Amino acid sequence: MSKPKILIVEDESIVAKDIQNSLKKMGYIVPVVVSSGEKALNEIEESRPDLILMDIMLKGDMTGIDVANVIKEKFSIPVVFLTAYADDNTLNKAKISEPYGYIIKPFKEKELQTTIEMAIYKHERDSMVKRERDLYHSIIENKESKDSIFVRADYRLNKVNFADIFFVEALKDYVVINTSDNIYTTHTTMKEMIRILPPKDFVRVHRSFIVRMDKIFSIKYPDLVIEGKMKVVPIGGLYRKELYGRLNLI
């Protein structure tokens with residue numbers, strides 16, 4: 001895996017060069033150093049760095065905090081502030097832009113590396129949580145359509161029609177949605193799936209399985225078989241009565 005690309009925004013050229021050299025020794029990619037907020041925003045548009053090291057007190061019309069606020073609104077890139085100022089007023093202003101780190105000059109190389117690695121890790125986790133939240137919002141919004149949900153897979157939201165779902169299986173903290181030609185794994189619970197799936201079409205037959213009623217091929221307790229895939233699914237004793245009550249028996 002390649003090292004992250006880092007943009008340095010620092011108006012003191014000697015300090016900027018020292019930081020660039022240190023980062024390169026650590027193996028990071030540092031293609032360019034810029035000295036103003038305006039140049040920083042232009043460079044972000046072009047190169048999309050993985051992390052930005054930003055001096056708070058930049059010369060020019062924009063401070064580092066101003067730039068960080070724009071980044072927060074327009075880009076999903078973590079910012080770590082570099083500053084020689086540690087007074088409460090500066091800290092309180094900096095906090096509003098929600099930086100991923102704050103390093104007081106002068107600092108040691110190890111401190112810089114640790115802060116960068118923690119910032120990148122936390123940003124990745126935050127991004128994952130946001131994707132999951134967006135997924136749930138999409139699921140809730142599309143529930144109104146009564147015919148589909150959107151499931152995230154490979155960083156995309158994929159439309160899945162209820163009619164195409166054969167069964168849903170619990171797998172620790174995830175559920176696996178099985179359709180005729182795809183398998184989608186998403187971070188949610190069986191309780192949430194029961195809430196989302198239309199109850200007239202789906203039934204829970206086991207603590208780990210939800211099946212679509214019209215996909216059931218045969219039943220011989222304590223198992224049932226899903227048509228097409230011929231998947232054998234167990235029937236839990238607590239769910240047997242509900243399942244049989246939903247069947248058209250003759």
# chains A, B, ... in the order shown; residues from 1 in each chain; ligands from 1
call {"tool": "residues_around", "arguments": {"residues": "Leu51 in chain A", "least_positions_apart": "6", "cutoff": "10 Å", "atoms": "only C-alpha atoms", "output": "mmCIF file with C-alpha atoms, in the first residue's frame"}}
result
data_model
loop_
_atom_site.group_PDB
_atom_site.id
_atom_site.type_symbol
_atom_site.label_atom_id
_atom_site.label_comp_id
_atom_site.auth_asym_id
_atom_site.auth_seq_id
_atom_site.Cartn_x
_atom_site.Cartn_y
_atom_site.Cartn_z
ATOM 1 C CA PRO A 4 -0.392 8.928 1.932
ATOM 2 C CA LYS A 5 0.038 12.114 -0.082
ATOM 3 C CA ILE A 6 0.433 15.140 2.189
ATOM 4 C CA LEU A 7 0.041 18.824 1.350
ATOM 5 C CA ILE A 8 2.046 21.271 3.488
ATOM 6 C CA ILE A 44 -6.430 20.588 -3.171
ATOM 7 C CA SER A 76 -13.397 15.176 2.802
ATOM 8 C CA ILE A 77 -9.729 15.621 3.744
ATOM 9 C CA PRO A 78 -8.309 15.625 7.284
ATOM 10 C CA VAL A 79 -6.443 18.734 8.469
ATOM 11 C CA VAL A 80 -3.695 18.787 11.113
ATOM 12 C CA TYR A 100 -7.736 15.891 13.145
ATOM 13 C CA ILE A 116 -0.399 12.000 10.960
ATOM 14 C CA GLU A 117 -1.040 8.259 11.303
ATOM 15 C CA ALA A 119 -5.393 11.500 11.894
ATOM 16 C CA ILE A 120 -5.539 9.319 8.780
ATOM 17 C CA HIS A 123 -10.588 10.004 9.195
#
call {"tool": "atom_distance", "arguments": {"atom1": "CA of Lys95 in chain A", "atom2": "CA of Lys59 in chain A"}}
result
20.3 Å
call {"tool": "select_by_dssp", "arguments": {"residues": "range 72-115 of chain A", "states": "helix (DSSP H, G or I)", "output": "PyMOL selection string"}}
result
chain A and resi 72-74+88-96+109-115
call {"tool": "write_last_selection", "arguments": {"atoms": "N, CA and C atoms", "output": "tab-separated table (two decimals), in the first residue's frame"}}
result
chain	number	residue	atom	x	y	z
A	72	LYS	N	-13.47	21.77	5.26
A	72	LYS	CA	-14.51	21.01	5.96
A	72	LYS	C	-15.82	21.01	5.17
A	73	GLU	N	-16.13	22.15	4.53
A	73	GLU	CA	-17.38	22.28	3.78
A	73	GLU	C	-17.32	21.59	2.42
A	74	LYS	N	-16.16	21.67	1.74
A	74	LYS	CA	-16.08	21.24	0.34
A	74	LYS	C	-15.38	19.91	0.10
A	88	ASP	N	-5.57	29.84	24.62
A	88	ASP	CA	-6.95	29.36	24.60
A	88	ASP	C	-7.75	29.95	23.45
A	89	ASN	N	-7.52	31.23	23.15
A	89	ASN	CA	-8.28	31.88	22.08
A	89	ASN	C	-8.03	31.20	20.74
A	90	THR	N	-6.75	30.92	20.44
A	90	THR	CA	-6.41	30.24	19.18
A	90	THR	C	-6.98	28.84	19.14
A	91	LEU	N	-6.86	28.13	20.25
A	91	LEU	CA	-7.38	26.77	20.30
A	91	LEU	C	-8.89	26.73	20.09
A	92	ASN	N	-9.60	27.65	20.72
A	92	ASN	CA	-11.06	27.66	20.59
A	92	ASN	C	-11.50	27.96	19.16
A	93	LYS	N	-10.78	28.86	18.48
A	93	LYS	CA	-11.09	29.15	17.08
A	93	LYS	C	-10.78	27.93	16.20
A	94	ALA	N	-9.66	27.29	16.49
A	94	ALA	CA	-9.25	26.13	15.69
A	94	ALA	C	-10.23	24.97	15.83
A	95	LYS	N	-10.79	24.79	17.00
A	95	LYS	CA	-11.68	23.65	17.25
A	95	LYS	C	-12.93	23.68	16.36
A	96	ILE	N	-13.36	24.88	15.99
A	96	ILE	CA	-14.59	25.00	15.19
A	96	ILE	C	-14.46	24.28	13.85
A	109	GLU	N	10.07	14.66	15.16
A	109	GLU	CA	9.60	13.90	13.99
A	109	GLU	C	8.63	12.79	14.38
A	110	LYS	N	8.91	12.10	15.47
A	110	LYS	CA	8.05	11.00	15.90
A	110	LYS	C	6.66	11.51	16.27
A	111	GLU	N	6.61	12.67	16.91
A	111	GLU	CA	5.33	13.27	17.25
A	111	GLU	C	4.54	13.61	15.98
A	112	LEU	N	5.23	14.12	14.99
A	112	LEU	CA	4.59	14.46	13.73
A	112	LEU	C	4.05	13.20	13.05
A	113	GLN	N	4.86	12.16	12.99
A	113	GLN	CA	4.45	10.92	12.34
A	113	GLN	C	3.26	10.29	13.06
A	114	THR	N	3.31	10.26	14.39
A	114	THR	CA	2.21	9.68	15.16
A	114	THR	C	0.91	10.44	14.93
A	115	THR	N	0.99	11.76	14.93
A	115	THR	CA	-0.20	12.58	14.72
A	115	THR	C	-0.79	12.35	13.34
call {"tool": "closest_residue", "arguments": {"among": "A:Lys17, A:Lys241, A:Arg212, A:Arg195", "to": "Asn178 in chain A", "atoms": "only C-alpha atoms"}}
result
A:Arg212
call {"tool": "select_by_dssp", "arguments": {"residues": "range 30-210 of chain A", "states": "strand (DSSP E)", "output": "PyMOL selection string"}}
result
chain A and resi 33-34+51-55+79-83+101-104+148-153+156-161+165-171+174-179+183-186+202-206+209-210
call {"tool": "write_last_selection", "arguments": {"atoms": "C-alpha atoms", "output": "mmCIF file, in the first residue's frame"}}
result
data_model
loop_
_atom_site.group_PDB
_atom_site.id
_atom_site.type_symbol
_atom_site.label_atom_id
_atom_site.label_comp_id
_atom_site.auth_asym_id
_atom_site.auth_seq_id
_atom_site.Cartn_x
_atom_site.Cartn_y
_atom_site.Cartn_z
ATOM 1 C CA VAL A 33 4.448 23.013 -0.497
ATOM 2 C CA VAL A 34 2.215 26.103 -0.672
ATOM 3 C CA LEU A 51 -3.961 14.868 4.548
ATOM 4 C CA ILE A 52 -3.136 18.556 4.962
ATOM 5 C CA LEU A 53 -0.580 19.985 7.399
ATOM 6 C CA MET A 54 -1.726 23.559 7.914
ATOM 7 C CA ASP A 55 -0.048 26.454 9.684
ATOM 8 C CA VAL A 79 -6.443 18.734 8.469
ATOM 9 C CA VAL A 80 -3.695 18.787 11.113
ATOM 10 C CA PHE A 81 -2.774 22.231 12.399
ATOM 11 C CA LEU A 82 0.818 23.355 12.888
ATOM 12 C CA THR A 83 1.264 26.351 15.175
ATOM 13 C CA GLY A 101 -4.689 17.044 15.082
ATOM 14 C CA TYR A 102 -2.877 20.033 16.549
ATOM 15 C CA ILE A 103 0.918 20.137 16.822
ATOM 16 C CA ILE A 104 2.814 22.844 18.688
ATOM 17 C CA SER A 148 -36.421 -1.887 -3.112
ATOM 18 C CA ILE A 149 -33.576 -0.926 -0.809
ATOM 19 C CA PHE A 150 -30.107 0.447 -1.456
ATOM 20 C CA VAL A 151 -27.180 -1.599 -0.189
ATOM 21 C CA ARG A 152 -23.588 -0.357 -0.074
ATOM 22 C CA ALA A 153 -21.014 -2.610 -1.737
ATOM 23 C CA ARG A 156 -21.348 2.195 -4.158
ATOM 24 C CA LEU A 157 -25.014 2.176 -3.253
ATOM 25 C CA ASN A 158 -26.635 -0.671 -5.164
ATOM 26 C CA LYS A 159 -30.356 -0.880 -5.702
ATOM 27 C CA VAL A 160 -31.743 -4.256 -4.658
ATOM 28 C CA ASN A 161 -35.360 -5.088 -5.439
ATOM 29 C CA ILE A 165 -33.962 -11.228 -2.457
ATOM 30 C CA PHE A 166 -33.986 -14.957 -1.703
ATOM 31 C CA PHE A 167 -32.871 -14.853 1.915
ATOM 32 C CA VAL A 168 -30.934 -12.813 4.483
ATOM 33 C CA GLU A 169 -28.378 -14.395 6.797
ATOM 34 C CA ALA A 170 -26.845 -12.979 9.995
ATOM 35 C CA LEU A 171 -23.051 -13.054 10.200
ATOM 36 C CA TYR A 174 -23.175 -8.026 9.550
ATOM 37 C CA VAL A 175 -26.001 -9.409 7.467
ATOM 38 C CA VAL A 176 -25.607 -11.067 4.072
ATOM 39 C CA ILE A 177 -28.344 -10.336 1.544
ATOM 40 C CA ASN A 178 -28.593 -13.108 -1.046
ATOM 41 C CA THR A 179 -30.241 -12.351 -4.393
ATOM 42 C CA ILE A 183 -24.429 -11.362 -2.455
ATOM 43 C CA TYR A 184 -24.289 -8.105 -0.461
ATOM 44 C CA THR A 185 -22.708 -7.854 2.979
ATOM 45 C CA THR A 186 -23.598 -4.827 5.090
ATOM 46 C CA PHE A 202 -40.622 -11.952 4.278
ATOM 47 C CA VAL A 203 -40.616 -14.112 7.381
ATOM 48 C CA ARG A 204 -37.975 -14.807 9.981
ATOM 49 C CA VAL A 205 -37.484 -18.565 10.265
ATOM 50 C CA HIS A 206 -34.421 -18.657 12.505
ATOM 51 C CA PHE A 209 -32.238 -16.301 8.718
ATOM 52 C CA ILE A 210 -34.988 -14.294 7.038
#
call {"tool": "residues_around", "arguments": {"residues": "Met230 in chain A", "least_positions_apart": "3", "cutoff": "10 Å", "atoms": "only C-alpha atoms", "output": "VMD selection string"}}
result
chain A and resid 215 to 218 224 to 227 233
call {"tool": "atom_distance", "arguments": {"atom1": "CA of Phe162 in chain A", "atom2": "CA of Pro198 in chain A"}}
result
8.1 Å
call {"tool": "residues_around", "arguments": {"residues": "Leu41 in chain A", "least_positions_apart": "4", "cutoff": "8 Å", "atoms": "only C-alpha atoms", "output": "PyMOL selection string"}}
result
chain A and resi 37+45+67+71
call {"tool": "decode", "arguments": {"residues": "range 147-215 of chain A", "atoms": "C-alpha atoms", "output": "PDB file, in the first residue's frame"}}
result
ATOM      1  CA  ASP A 147     -40.158  -2.333  -3.762  1.00  0.00           C
ATOM      2  CA  SER A 148     -36.421  -1.887  -3.112  1.00  0.00           C
ATOM      3  CA  ILE A 149     -33.576  -0.926  -0.809  1.00  0.00           C
ATOM      4  CA  PHE A 150     -30.107   0.447  -1.456  1.00  0.00           C
ATOM      5  CA  VAL A 151     -27.180  -1.599  -0.189  1.00  0.00           C
ATOM      6  CA  ARG A 152     -23.588  -0.357  -0.074  1.00  0.00           C
ATOM      7  CA  ALA A 153     -21.014  -2.610  -1.737  1.00  0.00           C
ATOM      8  CA  ASP A 154     -17.621  -1.690  -3.227  1.00  0.00           C
ATOM      9  CA  TYR A 155     -18.159   1.925  -2.121  1.00  0.00           C
ATOM     10  CA  ARG A 156     -21.348   2.195  -4.158  1.00  0.00           C
ATOM     11  CA  LEU A 157     -25.014   2.176  -3.253  1.00  0.00           C
ATOM     12  CA  ASN A 158     -26.635  -0.671  -5.164  1.00  0.00           C
ATOM     13  CA  LYS A 159     -30.356  -0.880  -5.702  1.00  0.00           C
ATOM     14  CA  VAL A 160     -31.743  -4.256  -4.658  1.00  0.00           C
ATOM     15  CA  ASN A 161     -35.360  -5.088  -5.439  1.00  0.00           C
ATOM     16  CA  PHE A 162     -37.216  -6.897  -2.693  1.00  0.00           C
ATOM     17  CA  ALA A 163     -38.484  -9.347  -5.305  1.00  0.00           C
ATOM     18  CA  ASP A 164     -34.905 -10.398  -6.070  1.00  0.00           C
ATOM     19  CA  ILE A 165     -33.962 -11.228  -2.457  1.00  0.00           C
ATOM     20  CA  PHE A 166     -33.986 -14.957  -1.703  1.00  0.00           C
ATOM     21  CA  PHE A 167     -32.871 -14.853   1.915  1.00  0.00           C
ATOM     22  CA  VAL A 168     -30.934 -12.813   4.483  1.00  0.00           C
ATOM     23  CA  GLU A 169     -28.378 -14.395   6.797  1.00  0.00           C
ATOM     24  CA  ALA A 170     -26.845 -12.979   9.995  1.00  0.00           C
ATOM     25  CA  LEU A 171     -23.051 -13.054  10.200  1.00  0.00           C
ATOM     26  CA  LYS A 172     -21.760 -11.615  13.494  1.00  0.00           C
ATOM     27  CA  ASP A 173     -22.111  -7.817  13.204  1.00  0.00           C
ATOM     28  CA  TYR A 174     -23.175  -8.026   9.550  1.00  0.00           C
ATOM     29  CA  VAL A 175     -26.001  -9.409   7.467  1.00  0.00           C
ATOM     30  CA  VAL A 176     -25.607 -11.067   4.072  1.00  0.00           C
ATOM     31  CA  ILE A 177     -28.344 -10.336   1.544  1.00  0.00           C
ATOM     32  CA  ASN A 178     -28.593 -13.108  -1.046  1.00  0.00           C
ATOM     33  CA  THR A 179     -30.241 -12.351  -4.393  1.00  0.00           C
ATOM     34  CA  SER A 180     -30.537 -14.396  -7.563  1.00  0.00           C
ATOM     35  CA  ASP A 181     -27.139 -13.282  -8.867  1.00  0.00           C
ATOM     36  CA  ASN A 182     -25.393 -11.296  -6.118  1.00  0.00           C
ATOM     37  CA  ILE A 183     -24.429 -11.362  -2.455  1.00  0.00           C
ATOM     38  CA  TYR A 184     -24.289  -8.105  -0.461  1.00  0.00           C
ATOM     39  CA  THR A 185     -22.708  -7.854   2.979  1.00  0.00           C
ATOM     40  CA  THR A 186     -23.598  -4.827   5.090  1.00  0.00           C
ATOM     41  CA  HIS A 187     -23.099  -3.702   8.671  1.00  0.00           C
ATOM     42  CA  THR A 188     -26.562  -3.889  10.251  1.00  0.00           C
ATOM     43  CA  THR A 189     -28.737  -6.221  12.342  1.00  0.00           C
ATOM     44  CA  MET A 190     -31.485  -8.754  11.683  1.00  0.00           C
ATOM     45  CA  LYS A 191     -33.825  -6.622  13.771  1.00  0.00           C
ATOM     46  CA  GLU A 192     -33.208  -3.706  11.419  1.00  0.00           C
ATOM     47  CA  MET A 193     -33.728  -5.925   8.362  1.00  0.00           C
ATOM     48  CA  ILE A 194     -37.050  -7.136   9.723  1.00  0.00           C
ATOM     49  CA  ARG A 195     -38.073  -3.509  10.170  1.00  0.00           C
ATOM     50  CA  ILE A 196     -37.050  -2.623   6.603  1.00  0.00           C
ATOM     51  CA  LEU A 197     -38.299  -5.634   4.634  1.00  0.00           C
ATOM     52  CA  PRO A 198     -42.018  -5.737   3.775  1.00  0.00           C
ATOM     53  CA  PRO A 199     -43.646  -8.132   6.295  1.00  0.00           C
ATOM     54  CA  LYS A 200     -46.127  -9.517   3.751  1.00  0.00           C
ATOM     55  CA  ASP A 201     -43.245 -10.950   1.707  1.00  0.00           C
ATOM     56  CA  PHE A 202     -40.622 -11.952   4.278  1.00  0.00           C
ATOM     57  CA  VAL A 203     -40.616 -14.112   7.381  1.00  0.00           C
ATOM     58  CA  ARG A 204     -37.975 -14.807   9.981  1.00  0.00           C
ATOM     59  CA  VAL A 205     -37.484 -18.565  10.265  1.00  0.00           C
ATOM     60  CA  HIS A 206     -34.421 -18.657  12.505  1.00  0.00           C
ATOM     61  CA  ARG A 207     -32.473 -16.170  14.605  1.00  0.00           C
ATOM     62  CA  SER A 208     -29.938 -16.111  11.760  1.00  0.00           C
ATOM     63  CA  PHE A 209     -32.238 -16.301   8.718  1.00  0.00           C
ATOM     64  CA  ILE A 210     -34.988 -14.294   7.038  1.00  0.00           C
ATOM     65  CA  VAL A 211     -36.496 -15.767   3.871  1.00  0.00           C
ATOM     66  CA  ARG A 212     -38.791 -14.484   1.162  1.00  0.00           C
ATOM     67  CA  MET A 213     -42.021 -16.473   1.283  1.00  0.00           C
ATOM     68  CA  ASP A 214     -42.332 -17.027  -2.458  1.00  0.00           C
ATOM     69  CA  LYS A 215     -38.754 -18.343  -2.650  1.00  0.00           C
TER      70      LYS A 215
END
